[in-house]
Amino acid sequence: MSEPLIFEKSDPGCHGANLPRCDVPYTDPSVLLGADNLRPDLPLPEVSELEVVRHFTRLSQRNYAIDTGFYPLGSCTMKYNPKVNERTAGLPGFAALHPLQPEETAQGALAVLYELQKMLAEVCGMEATTLQPAAGAHGELLAMMMIKAYHADRGEAHRDIVLIPDSAHGTNPASAARCGFKVRSIPSNAQGRTDLQALAAALDNNVAALMLTNPNTVGLFESDIVQICRMVHEAGGLVYCDGANMNAMLGITRPGDMGFDVMHFNLHKTFSTPHGGGGPGCGAVSVQPCLEPYLPVPIVEKVETREQPGARYRFNCDRPRSIGKIHSFYGAFLIAVRAYTYIRSLGPEGLREAGENAVINANYIRARLADAFEVAYGNQPCMHEVVLSAVRQKQQSGVRALDISKRLMDYGFHPPTNYFPLIVPEALMIEPTETESKQTLDAFIEAMISIAREAQENPEVVKAAPHRTVVSRLDETAAVKNLDLRYTAVCEA
Amino acid sequence: MSEPLIFEKSDPGCHGANLPRCDVPYTDPSVLLGADNLRPDLPLPEVSELEVVRHFTRLSQRNYAIDTGFYPLGSCTMKYNPKVNERTAGLPGFAALHPLQPEETAQGALAVLYELQKMLAEVCGMEATTLQPAAGAHGELLAMMMIKAYHADRGEAHRDIVLIPDSAHGTNPASAARCGFKVRSIPSNAQGRTDLQALAAALDNNVAALMLTNPNTVGLFESDIVQICRMVHEAGGLVYCDGANMNAMLGITRPGDMGFDVMHFNLHKTFSTPHGGGGPGCGAVSVQPCLEPYLPVPIVEKVETREQPGARYRFNCDRPRSIGKIHSFYGAFLIAVRAYTYIRSLGPEGLREAGENAVINANYIRARLADAFEVAYGNQPCMHEVVLSAVRQKQQSGVRALDISKRLMDYGFHPPTNYFPLIVPEALMIEPTETESKQTLDAFIEAMISIAREAQENPEVVKAAPHRTVVSRLDETAAVKNLDLRYTAVCEA
Amino acid sequence: MSSYVSNTEADRAEMLAAIGVRSLEDLLTPIPESIRLKRDLNLPAALDEAAVIRHLQSLAAQNADLESHRCFLGAGIYDHFRPSVVAYLAGRGEFSTAYTPYQPELSQGMLQAIYEYQTLICALTGMEISNASMYDGASGLAEAALMAASITERGQVVVSQAVHPHYRQVIATYLNSTGYQMVEAPAGGGVSSLEALRAAVGDQTACVIVQHPNFFGCLEDVAACVEIAHRAGALAVACVDPIALGLLKPPGEYDVDIVVGEGQSLGNAMAFGGPLLGFFACKQKFIRSFPGRIVGATVDRQGRRGYTMTLRTREQDIRREKATSNICTNEALLALAATIYLCEMGKAGMRQVADLCLQKAHYAQRRLLELPGVSAPFGSVPFFKEFVVRLPVAPETVNRRLLPHKIVGGLPLGPYYPELADGMLLCVTETKTKEDVDRLVDAVAASLAEPETAKAF
Amino acid sequence: MSSYVSNTEADRAEMLAAIGVRSLEDLLTPIPESIRLKRDLNLPAALDEAAVIRHLQSLAAQNADLESHRCFLGAGIYDHFRPSVVAYLAGRGEFSTAYTPYQPELSQGMLQAIYEYQTLICALTGMEISNASMYDGASGLAEAALMAASITERGQVVVSQAVHPHYRQVIATYLNSTGYQMVEAPAGGGVSSLEALRAAVGDQTACVIVQHPNFFGCLEDVAACVEIAHRAGALAVACVDPIALGLLKPPGEYDVDIVVGEGQSLGNAMAFGGPLLGFFACKQKFIRSFPGRIVGATVDRQGRRGYTMTLRTREQDIRREKATSNICTNEALLALAATIYLCEMGKAGMRQVADLCLQKAHYAQRRLLELPGVSAPFGSVPFFKEFVVRLPVAPETVNRRLLPHKIVGGLPLGPYYPELADGMLLCVTETKTKEDVDRLVDAVAASLAEPETAKAF
Ligand SMILES: Cc1ncc(COP(=O)(O)O)c(C=O)c1O
Ligand SMILES: Cc1ncc(COP(=O)(O)O)c(C=O)c1O
């Protein structure tokens, strides 16, 4: 059953919220603000609270989520989002706190920020961390800013090129460009990894940095990473790690030990904070000592003085080489609370177990689906995700990766990531995460095999999929052609 | 898509909860408890927390509720259950409180109980209230116990008959019988109300009480109620009000003023506490002074002494004529918190508005459906609910009330109550409540009219309904014949 | 307007017109003038949502809750840890705002959950059938007594005095009003006296009721009690702690006929004593006398598995005065929470919780018994998570002195057992750390050392 | 094991066998030995769920939150009432545990909600298009500046000094790294100086940025600012308070080109400053330069209405370095909460909230100005819910003295505006009762009367 827009349920005069009356002497707003400054109308919906509850409850039921089923969306690390995180993040002592309160009234909040900064630095083997970036791409942008400032400080402001493998996520080139860098693409080699020769050829004294995802977006570990970092460093550049795939490495290996100078985490991937149907996230950035001075302000510090024993936490804004600020306040604090809760729940062993099981689960899918589909770059051990290709299906019966994805919905699964990385034709990028059971993986594998069979025997059913969703395949071309970005009846009412 | 039983997902060795380790010296349980006292196995499911979350999230989506749609289940007052009630009932100061704490550590909880007792007495116009009954039927039973004790105290223990109209809810006779009374049924008259002559004929000095629902289960106000109460009183009996339909009378009229001696409320109907898919509830009982000494212990009292100014609340167990206890502690405290929140949110005006709108909504449905269906006992003004009959449909095409109910599901609505009251053939008992909008009522009315049309033009589609639910019509006869009351594989494992 | 009403004045006018009346008054004519309320109800004025929250917060703040205090009370209501998933899942509106699942096609979620609940209760207790829940442990036990009376057609119920005093009160209240008789069999040394039970039973005995672990936390000789009951042709009824069943032999293995208990511990809040969850299980052969709702599996028209309430002919809405019980609304949402809890715990978790309770309670008892003047009245009788100590200072006084330490002490037993006026019943669950117990012991030691003031005792 | 892993040892063994390796090690061979971590991460040991909750509770208890204190801080984060429905609905797992809706057929719930959000933002602001959200108000404003630079192909951005200092810092940070230039135009008397703006703009000006109400809570002459911008061929960018728009004329009516704001007030927690919600709306004609996700309505194969992300070719995953923005993850869940909030409030509620803020802030200002030595630096410039007072005692000192009264005072302005070192920016919203304001005034009076101690100032 479809759900009307809330505007279509509006009934003039109806209202939801139960608001207080005015308990102070009343003055007409036109007197206080000037009649000219007031709006004549306010075209908002008018519904009762029950209608609000029903509308959004019904909408929620029209949304697939980790809580409703397997969500192997590659590169997104859709692992279980523990409910205990929601409980701790909901504590009034965290949620009902103003960012400009005197520091002495927010020591518990500062402690969470400080400890999480430290923990993330340990997880990636770097020196210092900022929690200010609101998402991974925000972290990338911040890193680019810091790298720019670093080179400028060294009198090398001419370094205006950022190298990025062709397999990289779109945010990498976009972030670099957003910061005024020119982007140069580095091809991948036949093993699905950075082509060292191409890299060497691209390296010169105009290169500011290399942005590299490790494990890369094909789910493969960059085995030459130590050498890659050395090469870039020798050319005077810095190396950025896109840490979206950190889940594969937890407790196993650390970007800082590989030679990376700076990286971003996606707390909303690796550290189990819910992605919220698009956000919020936290793109914490860790750096080696060379970039530490450039971190945005404020940084949270711990002080223990002889006069005042016992730790005290404080904000430090007095950092002359800082690139400045990239967020209104300190970043997504409640996401930090969740990630902190997660790390405290797992401890060092639990984190390593998470990483290990993520790898086993991905390889299990790879092994079991290697017959039915092409595995990108050959059937070699992958890390936390595996990229399949539907080239064979496309060739044989015109069934594309998108069709297979839509058909998976009919089997009750969320599809993998499609058409990314760009270097794999008809890509189906599958990231199961460690929190899924073998039972679930087996069911998914059987669905995939069954769809592969359908693609041969009955391709039309696959191409016309999905058949069992609340809407069938949506016309995305029409959406662009006949732009309809808001319900217009309401505003013109 | 169907959802397997949680047992079918069990994987030996798997676990959900993250429990503490033992931090005190450990002694083997067989030493502490004796090996003979220990169980060899514990056949419980073994699943991860993610599986738990997914399983019950999916189950929840297989359940219709007020939050998902219109639920006009007659006699059940399925009004909006405000979310603010959940917020207040969830406060640790209420939810994480032990009932045997010293009174001085629970004054806020006692205050809620005391004030709610008083408020309910005011709403129904009686003297005193107990919140101990866990549900309406529990309240009925309590009332029967008190009435028995009352007559015994007056040397009239021989009064062993309880009169109950044939329209009454099944709990009324069951409660009376449970308390050792004989039940005598009083027929309804042609206006759908208590037949005064039949009542007069039944009244003698063996009658302990009359149990009457007002408005009655046909949704009609017992207009002769003052006279009815007088008649019973003159015969030495007491009059009990089944207050399940109190929503119709809020702020408009009060059972205590009509002559009733005792009544139960269903806080889980009238006072907006969620019914929980079957419970919990609270069947608070209010009494006139004559029954006050018999109330169960403890009763919450307010004391203000000259030495200790400021109100103090306490439990009083020292009530020699009390019938005793019917609940482990004080009843459903958190339901009391919700009802208290609701009454404080509405105030006197809000309660009256609720009652008035409940009546308007029911009459609107009656008026609009009076052509398509028979209205039980003629098309006269009803109170908060209207009882239709599908006799015409049954006669014309064999479509029964149950079929119409199942077909309503295909239109997205929860059916009305079926086959109750028993005196109306093919009853469809519709209680819209005040929180539903005209828009919703209109949609429901159109569905009913459309089904009436289908019953004529295409009766098979109605008889085979529902067609759009997660399961089609269930075989209830088979359920009785092939009793399957638990998943046996698990216990015998 | 704060009545959550969805209709506007305009809607109302339209509706009255459609009804064919001029005003609401015309609809209220069946209510005689004489009984119309001609004033507003005398209730406090409406509060806006923020104000009502503030008001309730201020009341809640007057209570010493588990966030501010460590609580060592048990006696039927227990502070067990509630994993975060339980409240979240059971609090979903699709479950909480549904009615009793009269229409199974729209209620498969709750019905399947209750079917799972019945299965889990059977697994825990070792019984063959479970109902969908009763109001609470006490009234459940009273229903068991009435059920036994109806099965055996006998009128006397024997209850051990080691059964929770409130439960005995509730059984007595239920039986009093029906003409049945309750006989209490004295306990001694912390357990039911088998002699006393033997002496109490006779050919009118419908059932023998014991609690295991009993009110004092001690294990009973269940096998012996069952034998006493069965020898007399009576049924054996056991009241059990579901958490203890993580370790203890299930009552089914002792041939108990009816098993009842309080399910609050299974993921539900202490909630100042309510709402509670009575679980109720018995042998298959008693099914026709079984009270309460039951869910069964069946099939739909396409042969797919589905669930529905079944055996409805036992119930009040069909059988009326002949019903096996008057229960209608039960405690479904708490049963759901218990189901979620048991799944989240699983086999290993339930064993672990029970074992932690056992270990910590014994540690606490050992530590308390080291204090001068503190003694164990029941010697070395095995106990689970609760135990009694005799104190050299009145237990009420000790409790008062514990409060400033942010500790809610145990239950003074004097009001229930005059011979144990110096006794305190303490409960230690898995929620208490060693540090908590050590703090309790230190605070009790300090309380005992404090000189008696005029006010004390 | 506390890693939420679903597989058992046995499962793992089976899986490794199916993969065809003997051990996990065999899968990790691509990682050179030299960079393998040969020790455990140096992190605190795992805590069980109860312990982690206790630990976080103890940290939370160190903070002066809204349950214990009344807070009169504003400056971009506001204590507005959040109706209970908002957190419940937005907290449902189907919303919160979904990813960005790349697969629209499985994401209609969130997509429709965001389409409604876009509609509501357009309705509030009077603009033609809204995106699906940005990180926060500050970065949203920086994105607006970059967007204006790209549209106008000009490199200078003029920002009034009456814009939030943090926002100016963020704009500066974004612009610095791109070679664009930010010019600050001084404010005077609590509002932007029109002369200063006029002097600052030129033929390289991409946009003029003002805040309305501005950082001091005062209304700006938006029409004049827009005119200054447009005359110079620059775009007009306004940063607005969505709550104020319950009363104030929407920026669309002033011909503003891009409207940005912080949406935290709309049903989201103060949360120590994050996560936040940047809303972002503009004129239709700028759509190809618009940053961020956008949801549009379309049809499915049966012609049924449905929703999908659209205009994706502007975005990074398709356009890469040519994208209009690098944003990927945004603030969808906060946008959802804002949508729920706006629906729950509705037309009447939003007006009422705005009016209550207005009335209470003015009452508070009047009362504070009655105190000796307290003055209004900006005379009678109209303000909304925030205002500045000059105090005869250092604002930091006053704040310290307010704390024992359980009051968190306003923001001392010295660090941001040295000329206002004795100034405090106070915010009074609808959550404050008259009594709260009176208590504030009394406590400020007492603070001012207290003799200065050595420590103060
Ligand atoms: C490899 C990679 N890099 C960067 C990002 C961007 O992260 P965010 O969405 O948090 O901005 C993503 C997210 O999808 C990603 O998968
Ligand atoms: C008229 C009437 N009386 C009594 C009851 C019994 O109330 P409860 O279910 O709370 O025991 C009901 C509930 O359905 C009812 O409708």
# chains A, B, ... in the order shown; residues from 1 in each chain; ligands from 1
>>> residues_around(residues="His158 of chain B", least_positions_apart="4", cutoff="10 Å", atoms="only C-alpha atoms", output="MDAnalysis selection string")
chainID B and resid 148 151:152 205:208
>>> residues_around(residues="Pro291 of chain D", least_positions_apart="4", cutoff="8 Å", atoms="only C-alpha atoms", output="PDB file with C-alpha atoms, in the first residue's frame")
ATOM      1  CA  ASN D 131      19.204  19.686  -1.031  1.00  0.00           C
ATOM      2  CA  GLU D 143      29.880  25.458   0.385  1.00  0.00           C
ATOM      3  CA  MET D 147      29.104  27.642  -5.118  1.00  0.00           C
ATOM      4  CA  ARG D 314      26.670  16.733 -10.196  1.00  0.00           C
ATOM      5  CA  GLU D 315      28.085  14.364  -7.608  1.00  0.00           C
ATOM      6  CA  THR D 324      29.859  20.398  -7.462  1.00  0.00           C
ATOM      7  CA  SER D 325      30.930  19.141  -4.048  1.00  0.00           C
ATOM      8  CA  ILE D 327      29.958  15.459  -0.077  1.00  0.00           C
TER       9      ILE D 327
END
>>> residues_near_ligand(ligand="ligand 1", cutoff="10 Å", atoms="only C-alpha atoms and all ligand atoms", output="ChimeraX atom specification")
/A:73-77,133-141,167-172,175,212-218,241-246,264-269,275,278-284,417,420-421 /D:99-100,316-317,326-330
>>> residues_around(residues="segment 91-95 of chain C", least_positions_apart="3", cutoff="10 Å", atoms="only C-alpha atoms", output="ChimeraX atom specification")
/A:53-54,57 /B:56-57,59-69,81,83,86,274-278 /C:85-88,98-99,107,109-110,332-333,336-337 /D:88-89,92-93
>>> select_by_dssp(residues="segment 129-370 of chain D", states="strand (DSSP E or B)", output="ChimeraX atom specification")
/D:129-130,134,156-160,181-185,187-188,191-192,205-212,218,235-240,248,258-262,278-282,295-300,305-309
>>> write_last_selection(atoms="C-alpha atoms", output="compact mmCIF listing (two decimals), in the first residue's frame")
# COMPACT_ATOMS: atom_id res chain seq x y z
CA ILE D 129 15.01 24.02 -4.21
CA SER D 130 16.61 22.41 -1.20
CA MET D 134 24.92 19.32 4.49
CA GLN D 156 36.13 37.25 -3.36
CA VAL D 157 33.57 36.57 -0.66
CA VAL D 158 32.27 39.34 1.59
CA VAL D 159 31.13 38.28 5.03
CA SER D 160 29.58 40.49 7.65
CA GLN D 181 39.60 35.40 -0.63
CA MET D 182 37.35 36.26 2.28
CA VAL D 183 36.75 39.86 3.29
CA GLU D 184 35.09 40.66 6.57
CA ALA D 185 32.83 43.71 6.65
CA ALA D 187 29.39 45.41 12.02
CA GLY D 188 28.23 48.21 14.26
CA VAL D 191 24.01 44.80 12.94
CA SER D 192 25.97 44.60 9.73
CA THR D 205 32.77 39.76 -5.28
CA ALA D 206 31.14 36.38 -5.67
CA CYS D 207 28.68 36.80 -2.83
CA VAL D 208 27.72 38.74 0.25
CA ILE D 209 27.00 36.67 3.33
CA VAL D 210 24.81 37.89 6.18
CA GLN D 211 23.13 36.12 9.05
CA HIS D 212 19.53 36.90 10.02
CA CYS D 218 19.48 41.10 15.97
CA LEU D 235 24.95 36.62 -5.13
CA ALA D 236 23.23 37.21 -1.80
CA VAL D 237 23.69 34.43 0.73
CA ALA D 238 21.72 34.37 3.97
CA CYS D 239 22.30 32.21 7.00
CA VAL D 240 19.04 31.88 8.92
CA LEU D 248 10.12 36.20 10.09
CA ILE D 258 21.27 30.92 -1.46
CA VAL D 259 19.91 30.21 1.99
CA VAL D 260 21.83 28.14 4.51
CA GLY D 261 21.27 27.43 8.15
CA GLU D 262 21.81 25.16 11.08
CA GLY D 278 23.17 21.99 7.51
CA PHE D 279 20.19 22.93 5.42
CA PHE D 280 20.81 24.45 2.03
CA ALA D 281 18.34 25.98 -0.41
CA CYS D 282 18.64 28.15 -3.46
CA VAL D 295 15.79 13.56 -4.00
CA GLY D 296 13.21 13.78 -6.74
CA ALA D 297 9.86 12.21 -7.44
CA THR D 298 9.47 9.87 -10.38
CA VAL D 299 7.41 6.85 -11.39
CA ASP D 300 7.97 3.11 -11.41
CA ARG D 305 4.82 7.55 -7.69
CA GLY D 306 8.20 6.84 -6.15
CA TYR D 307 11.28 8.73 -5.04
CA THR D 308 14.93 8.52 -5.96
CA MET D 309 18.15 10.44 -5.63
>>> closest_residue(among="B:Thr270, B:Asn361, B:Thr130, B:Ser450", to="ligand 2", atoms="only C-alpha atoms and all ligand atoms")
B:Thr270
>>> closest_atom_pairs(of="chain B", to="chain D", cutoff="8 Å", atoms="only C-alpha atoms", output="CSV")
residue,atom,partner,partner_atom,distance
B:Asp11,CA,D:Thr8,CA,7.8
B:Pro12,CA,D:Thr8,CA,7.7
B:Gly13,CA,D:Thr8,CA,5.8
B:Cys14,CA,D:Thr8,CA,5.7
B:His15,CA,D:Ser6,CA,7.8
B:Gly16,CA,D:Tyr4,CA,7.5
B:Ala17,CA,D:Glu49,CA,7.8
B:Asn18,CA,D:Asp48,CA,5.2
B:Leu19,CA,D:Asp48,CA,5.1
B:Pro20,CA,D:Asp48,CA,5.0
B:Val47,CA,D:Ser6,CA,7.3
B:Ser48,CA,D:Ser6,CA,5.2
B:Glu49,CA,D:Tyr4,CA,6.8
B:Leu50,CA,D:Tyr4,CA,7.5
B:Lys83,CA,D:Val85,CA,5.7
B:Val84,CA,D:Ser84,CA,5.3
B:Arg87,CA,D:Ser84,CA,6.9
>>> atom_distance(atom1="atom CA of Arg344 of chain A", atom2="atom CA of Leu43 of chain D")
8.3 Å
>>> residues_around(residues="Asp442 of chain D", least_positions_apart="2", cutoff="12 Å", atoms="only C-alpha atoms", output="PyMOL selection string")
chain D and resi 364+367-368+370-371+401-402+405+407+435-440+444-449
>>> atom_distance(atom1="atom CA of Lys302 of chain B", atom2="atom CA of Cys124 of chain B")
20.7 Å
>>> residues_around(residues="segment 7-9 of chain A", least_positions_apart="3", cutoff="12 Å", atoms="only C-alpha atoms", output="ChimeraX atom specification")
/A:3-4,12,14-15,43-48,50-52,54-55,486-491,493 /B:437-440,443 /C:6 /D:112-113,115-117,119-120,123,339,342-343,346-347
>>> select_by_dssp(residues="segment 14-119 of chain B", states="alpha helix (DSSP H)", output="PyMOL selection string")
chain B and resi 29-33+49-60+83-89+92-95+107-119
>>> write_last_selection(atoms="N, CA and C atoms", output="compact mmCIF listing (two decimals), in the first residue's frame")
# COMPACT_ATOMS: atom_id res chain seq x y z
N PRO B 29 29.33 -24.64 40.88
CA PRO B 29 27.92 -24.69 41.29
C PRO B 29 27.54 -26.02 41.94
N SER B 30 28.17 -27.10 41.50
CA SER B 30 27.77 -28.38 42.09
C SER B 30 28.16 -28.43 43.56
N VAL B 31 29.17 -27.68 43.93
CA VAL B 31 29.56 -27.61 45.34
C VAL B 31 28.55 -26.75 46.10
N LEU B 32 28.19 -25.63 45.51
CA LEU B 32 27.30 -24.71 46.23
C LEU B 32 25.87 -25.20 46.28
N LEU B 33 25.43 -25.87 45.22
CA LEU B 33 24.02 -26.22 45.12
C LEU B 33 23.76 -27.72 45.21
N GLU B 49 23.48 -11.30 18.61
CA GLU B 49 22.60 -10.17 18.90
C GLU B 49 21.99 -9.62 17.62
N LEU B 50 22.75 -9.60 16.55
CA LEU B 50 22.19 -9.11 15.29
C LEU B 50 20.99 -9.96 14.86
N GLU B 51 21.08 -11.28 15.04
CA GLU B 51 19.95 -12.13 14.68
C GLU B 51 18.73 -11.80 15.55
N VAL B 52 18.97 -11.51 16.81
CA VAL B 52 17.86 -11.16 17.71
C VAL B 52 17.20 -9.87 17.22
N VAL B 53 18.01 -8.89 16.92
CA VAL B 53 17.46 -7.61 16.48
C VAL B 53 16.67 -7.79 15.18
N ARG B 54 17.25 -8.52 14.26
CA ARG B 54 16.57 -8.72 12.98
C ARG B 54 15.28 -9.50 13.11
N HIS B 55 15.34 -10.55 13.90
CA HIS B 55 14.17 -11.41 14.05
C HIS B 55 12.99 -10.61 14.61
N PHE B 56 13.22 -9.88 15.67
CA PHE B 56 12.09 -9.20 16.30
C PHE B 56 11.71 -7.92 15.56
N THR B 57 12.64 -7.34 14.84
CA THR B 57 12.27 -6.21 13.98
C THR B 57 11.34 -6.72 12.88
N ARG B 58 11.72 -7.84 12.29
CA ARG B 58 10.88 -8.39 11.22
C ARG B 58 9.53 -8.83 11.77
N LEU B 59 9.52 -9.45 12.93
CA LEU B 59 8.23 -9.85 13.51
C LEU B 59 7.37 -8.61 13.74
N SER B 60 7.99 -7.54 14.23
CA SER B 60 7.20 -6.34 14.50
C SER B 60 6.51 -5.86 13.23
N LYS B 83 3.40 9.13 22.83
CA LYS B 83 4.79 8.73 23.04
C LYS B 83 5.37 9.39 24.30
N VAL B 84 4.80 10.51 24.69
CA VAL B 84 5.33 11.15 25.90
C VAL B 84 5.08 10.24 27.11
N ASN B 85 4.03 9.45 27.08
CA ASN B 85 3.78 8.51 28.18
C ASN B 85 4.91 7.50 28.30
N GLU B 86 5.42 7.08 27.15
CA GLU B 86 6.52 6.11 27.17
C GLU B 86 7.77 6.75 27.75
N ARG B 87 7.93 8.03 27.43
CA ARG B 87 9.11 8.73 27.92
C ARG B 87 9.06 8.87 29.45
N THR B 88 7.92 9.25 29.99
CA THR B 88 7.85 9.42 31.45
C THR B 88 7.92 8.05 32.14
N ALA B 89 7.25 7.05 31.57
CA ALA B 89 7.29 5.73 32.21
C ALA B 89 8.68 5.12 32.15
N PRO B 92 14.29 6.40 34.79
CA PRO B 92 14.84 5.45 35.76
C PRO B 92 14.23 5.63 37.16
N GLY B 93 13.88 6.84 37.51
CA GLY B 93 13.26 7.08 38.81
C GLY B 93 11.95 6.36 39.01
N PHE B 94 11.36 5.90 37.93
CA PHE B 94 10.15 5.07 38.03
C PHE B 94 10.43 3.62 37.66
N ALA B 95 11.16 3.43 36.56
CA ALA B 95 11.31 2.07 36.02
C ALA B 95 12.32 1.25 36.81
N GLN B 107 9.07 8.42 47.49
CA GLN B 107 7.96 9.35 47.65
C GLN B 107 7.36 9.80 46.32
N GLY B 108 8.20 9.95 45.32
CA GLY B 108 7.69 10.35 44.01
C GLY B 108 6.79 9.29 43.41
N ALA B 109 7.14 8.04 43.61
CA ALA B 109 6.32 6.94 43.09
C ALA B 109 5.00 6.88 43.85
N LEU B 110 5.08 7.02 45.16
CA LEU B 110 3.86 7.00 45.96
C LEU B 110 2.95 8.17 45.59
N ALA B 111 3.56 9.30 45.30
CA ALA B 111 2.76 10.47 44.90
C ALA B 111 1.96 10.17 43.64
N VAL B 112 2.60 9.53 42.66
CA VAL B 112 1.89 9.20 41.42
C VAL B 112 0.70 8.28 41.74
N LEU B 113 0.94 7.26 42.55
CA LEU B 113 -0.13 6.32 42.88
C LEU B 113 -1.26 7.05 43.61
N TYR B 114 -0.91 7.85 44.58
CA TYR B 114 -1.92 8.55 45.38
C TYR B 114 -2.75 9.50 44.50
N GLU B 115 -2.05 10.30 43.73
CA GLU B 115 -2.77 11.30 42.93
C GLU B 115 -3.64 10.63 41.88
N LEU B 116 -3.15 9.55 41.30
CA LEU B 116 -3.96 8.86 40.30
C LEU B 116 -5.20 8.24 40.95
N GLN B 117 -5.05 7.65 42.12
CA GLN B 117 -6.21 7.13 42.86
C GLN B 117 -7.28 8.21 42.97
N LYS B 118 -6.83 9.38 43.39
CA LYS B 118 -7.77 10.49 43.62
C LYS B 118 -8.41 10.96 42.31
N MET B 119 -7.60 11.08 41.28
CA MET B 119 -8.11 11.57 40.00
C MET B 119 -9.16 10.63 39.43
>>> closest_residue(among="C:Glu195, C:Glu430, C:Glu344, C:Glu331", to="ligand 2", atoms="only C-alpha atoms and all ligand atoms")
C:Glu331
>>> atom_distance(atom1="atom CA of Cys427 of chain C", atom2="atom CA of Asp28 of chain B")
19.6 Å
>>> residues_around(residues="segment 221-230 of chain B", least_positions_apart="6", cutoff="8 Å", atoms="only C-alpha atoms", output="ChimeraX atom specification")
/B:193-194,196,214-215,238-239,258-260,382-383 /C:30-32
>>> residues_around(residues="Pro102 of chain B", least_positions_apart="4", cutoff="12 Å", atoms="only C-alpha atoms", output="NGL selection string")
(:B and (97-98 or 106-107 or 109-110 or 313-315)) or (:C and (63-65 or 71 or 73 or 272 or 395-403 or 407-412))
>>> closest_residue(among="B:Asn363, B:Thr435, B:Thr469, B:Gln380", to="chain A", atoms="only C-alpha atoms")
B:Thr435
